[in-house]
Amino acid sequence: ELCDINCISGDDHRYRRATRITRRLLASTRHPAQPTFLLLASIHTTYRDQRAAFANRLPFFYGWAVVVAAGSTVFVRNAAATLTIAVFVFPMSEDLGWSRTLIVGAAAAAGVAAMLVSPLAGWVVQRFGARALMSSSVILLGAVILSLRWTTSPVTFYLLFGIGRLMFAAPLQIGASTTAAQWFVRMRGRSTATLGVTHSLGMGLFPLFAQLFM
């Protein structure tokens, strides 16, 4: 098992993996790459100590900063919510000549596909961490939502909006809730409720944003 430069990313999973590898290397002095492995593990430990020192200097529990960051992803995922696309149903139907059933069907099809994507999202969280999942999902969501402005075919609309809807239904929801649960025990319910509040704000505000910028 090899330890590459990704082991210094600060993720708890990689930290435990680097620790196991370091102990294994210390027990085997004949490993030819031992100095490199130990250097990477040392850099990772130093970076983790710096993060801990920064968190200890804050006047509040660092877990709440994590909840706010996770809540921001839950907020922006409403760009692909059905309440948001509902604002565009009538003008898209008039401009492109599509039926309203065709437009709304993209959300329904993506909801069915989310049943298959959710287990994969859970595996990614366990393997690479919630940070990697949520960051990539938000970037992908933004890219497909921006690309929808050039859509003139039902096939591309289903593909682009379907991907955005998948990000809404599976990775962002699973990643945010997992992150909040990892940082809290006694106040886990309150942290999860905070995510619910940000999601509700997004549900209420994104349709207004869509109406204003349409």
# chains A, B, ... in the order shown; residues from 1 in each chain; ligands from 1
$ residues_around --residues "Phe161 of chain A" --least-positions-apart "4" --cutoff "12 Å" --atoms "only C-alpha atoms" --output "count of residues only"
35
$ atom_distance --atom1 "atom CA of Arg77 of chain A" --atom2 "atom CA of Val185 of chain A"
26.0 Å
$ atom_distance --atom1 "atom CA of Val124 of chain A" --atom2 "atom CA of Ile163 of chain A"
16.9 Å
$ closest_residue --among "A:Leu159, A:Leu201, A:Met134, A:Met187" --to "Ala70 of chain A" --atoms "only C-alpha atoms"
A:Met134
$ closest_residue --among "A:Gly175, A:Arg190, A:Ser200, A:Phe206" --to "Ala69 of chain A" --atoms "only C-alpha atoms"
A:Gly175
$ residues_around --residues "Leu133 of chain A" --least-positions-apart "2" --cutoff "9 Å" --atoms "only C-alpha atoms" --output "MDAnalysis selection string"
chainID A and resid 121 124:125 128:131 135:138 171:172 175
$ atom_distance --atom1 "atom CA of Ala193 of chain A" --atom2 "atom CA of Gly63 of chain A"
14.1 Å
$ residues_around --residues "Phe90 of chain A" --least-positions-apart "6" --cutoff "10 Å" --atoms "only C-alpha atoms" --output "list in words"
Trp98, Ser99, Arg100 and Ile103 of chain A
$ write_last_selection --atoms "all heavy atoms" --output "PDB file, in the first residue's frame"
ATOM      1  N   TRP A  98     -41.751  23.354 -26.047  1.00  0.00           N
ATOM      2  CA  TRP A  98     -41.798  22.085 -25.315  1.00  0.00           C
ATOM      3  C   TRP A  98     -43.056  22.056 -24.449  1.00  0.00           C
ATOM      4  O   TRP A  98     -43.525  23.081 -23.966  1.00  0.00           O
ATOM      5  CB  TRP A  98     -40.575  21.915 -24.426  1.00  0.00           C
ATOM      6  CG  TRP A  98     -39.272  21.898 -25.156  1.00  0.00           C
ATOM      7  CD1 TRP A  98     -39.068  21.802 -26.499  1.00  0.00           C
ATOM      8  CD2 TRP A  98     -37.971  21.973 -24.560  1.00  0.00           C
ATOM      9  NE1 TRP A  98     -37.725  21.818 -26.796  1.00  0.00           N
ATOM     10  CE2 TRP A  98     -37.035  21.916 -25.626  1.00  0.00           C
ATOM     11  CE3 TRP A  98     -37.504  22.080 -23.270  1.00  0.00           C
ATOM     12  CZ2 TRP A  98     -35.661  21.974 -25.416  1.00  0.00           C
ATOM     13  CZ3 TRP A  98     -36.137  22.129 -23.038  1.00  0.00           C
ATOM     14  CH2 TRP A  98     -35.226  22.078 -24.098  1.00  0.00           C
ATOM     15  N   SER A  99     -43.543  20.857 -24.213  1.00  0.00           N
ATOM     16  CA  SER A  99     -44.673  20.712 -23.296  1.00  0.00           C
ATOM     17  C   SER A  99     -44.186  20.834 -21.859  1.00  0.00           C
ATOM     18  O   SER A  99     -43.010  20.587 -21.552  1.00  0.00           O
ATOM     19  CB  SER A  99     -45.354  19.360 -23.507  1.00  0.00           C
ATOM     20  OG  SER A  99     -44.493  18.300 -23.099  1.00  0.00           O
ATOM     21  N   ARG A 100     -45.077  21.204 -20.990  1.00  0.00           N
ATOM     22  CA  ARG A 100     -44.702  21.331 -19.582  1.00  0.00           C
ATOM     23  C   ARG A 100     -44.372  19.968 -18.978  1.00  0.00           C
ATOM     24  O   ARG A 100     -43.529  19.856 -18.087  1.00  0.00           O
ATOM     25  CB  ARG A 100     -45.840  21.998 -18.813  1.00  0.00           C
ATOM     26  CG  ARG A 100     -46.182  23.375 -19.341  1.00  0.00           C
ATOM     27  CD  ARG A 100     -47.312  24.035 -18.569  1.00  0.00           C
ATOM     28  NE  ARG A 100     -47.710  25.297 -19.195  1.00  0.00           N
ATOM     29  CZ  ARG A 100     -48.640  26.116 -18.714  1.00  0.00           C
ATOM     30  NH1 ARG A 100     -49.280  25.784 -17.597  1.00  0.00           N
ATOM     31  NH2 ARG A 100     -48.935  27.237 -19.341  1.00  0.00           N
ATOM     32  N   ILE A 103     -40.723  19.229 -19.690  1.00  0.00           N
ATOM     33  CA  ILE A 103     -39.777  19.988 -18.862  1.00  0.00           C
ATOM     34  C   ILE A 103     -39.712  19.418 -17.448  1.00  0.00           C
ATOM     35  O   ILE A 103     -38.631  19.159 -16.907  1.00  0.00           O
ATOM     36  CB  ILE A 103     -40.176  21.473 -18.838  1.00  0.00           C
ATOM     37  CG1 ILE A 103     -40.124  22.049 -20.255  1.00  0.00           C
ATOM     38  CG2 ILE A 103     -39.261  22.262 -17.913  1.00  0.00           C
ATOM     39  CD1 ILE A 103     -40.681  23.456 -20.364  1.00  0.00           C
TER      40      ILE A 103
END
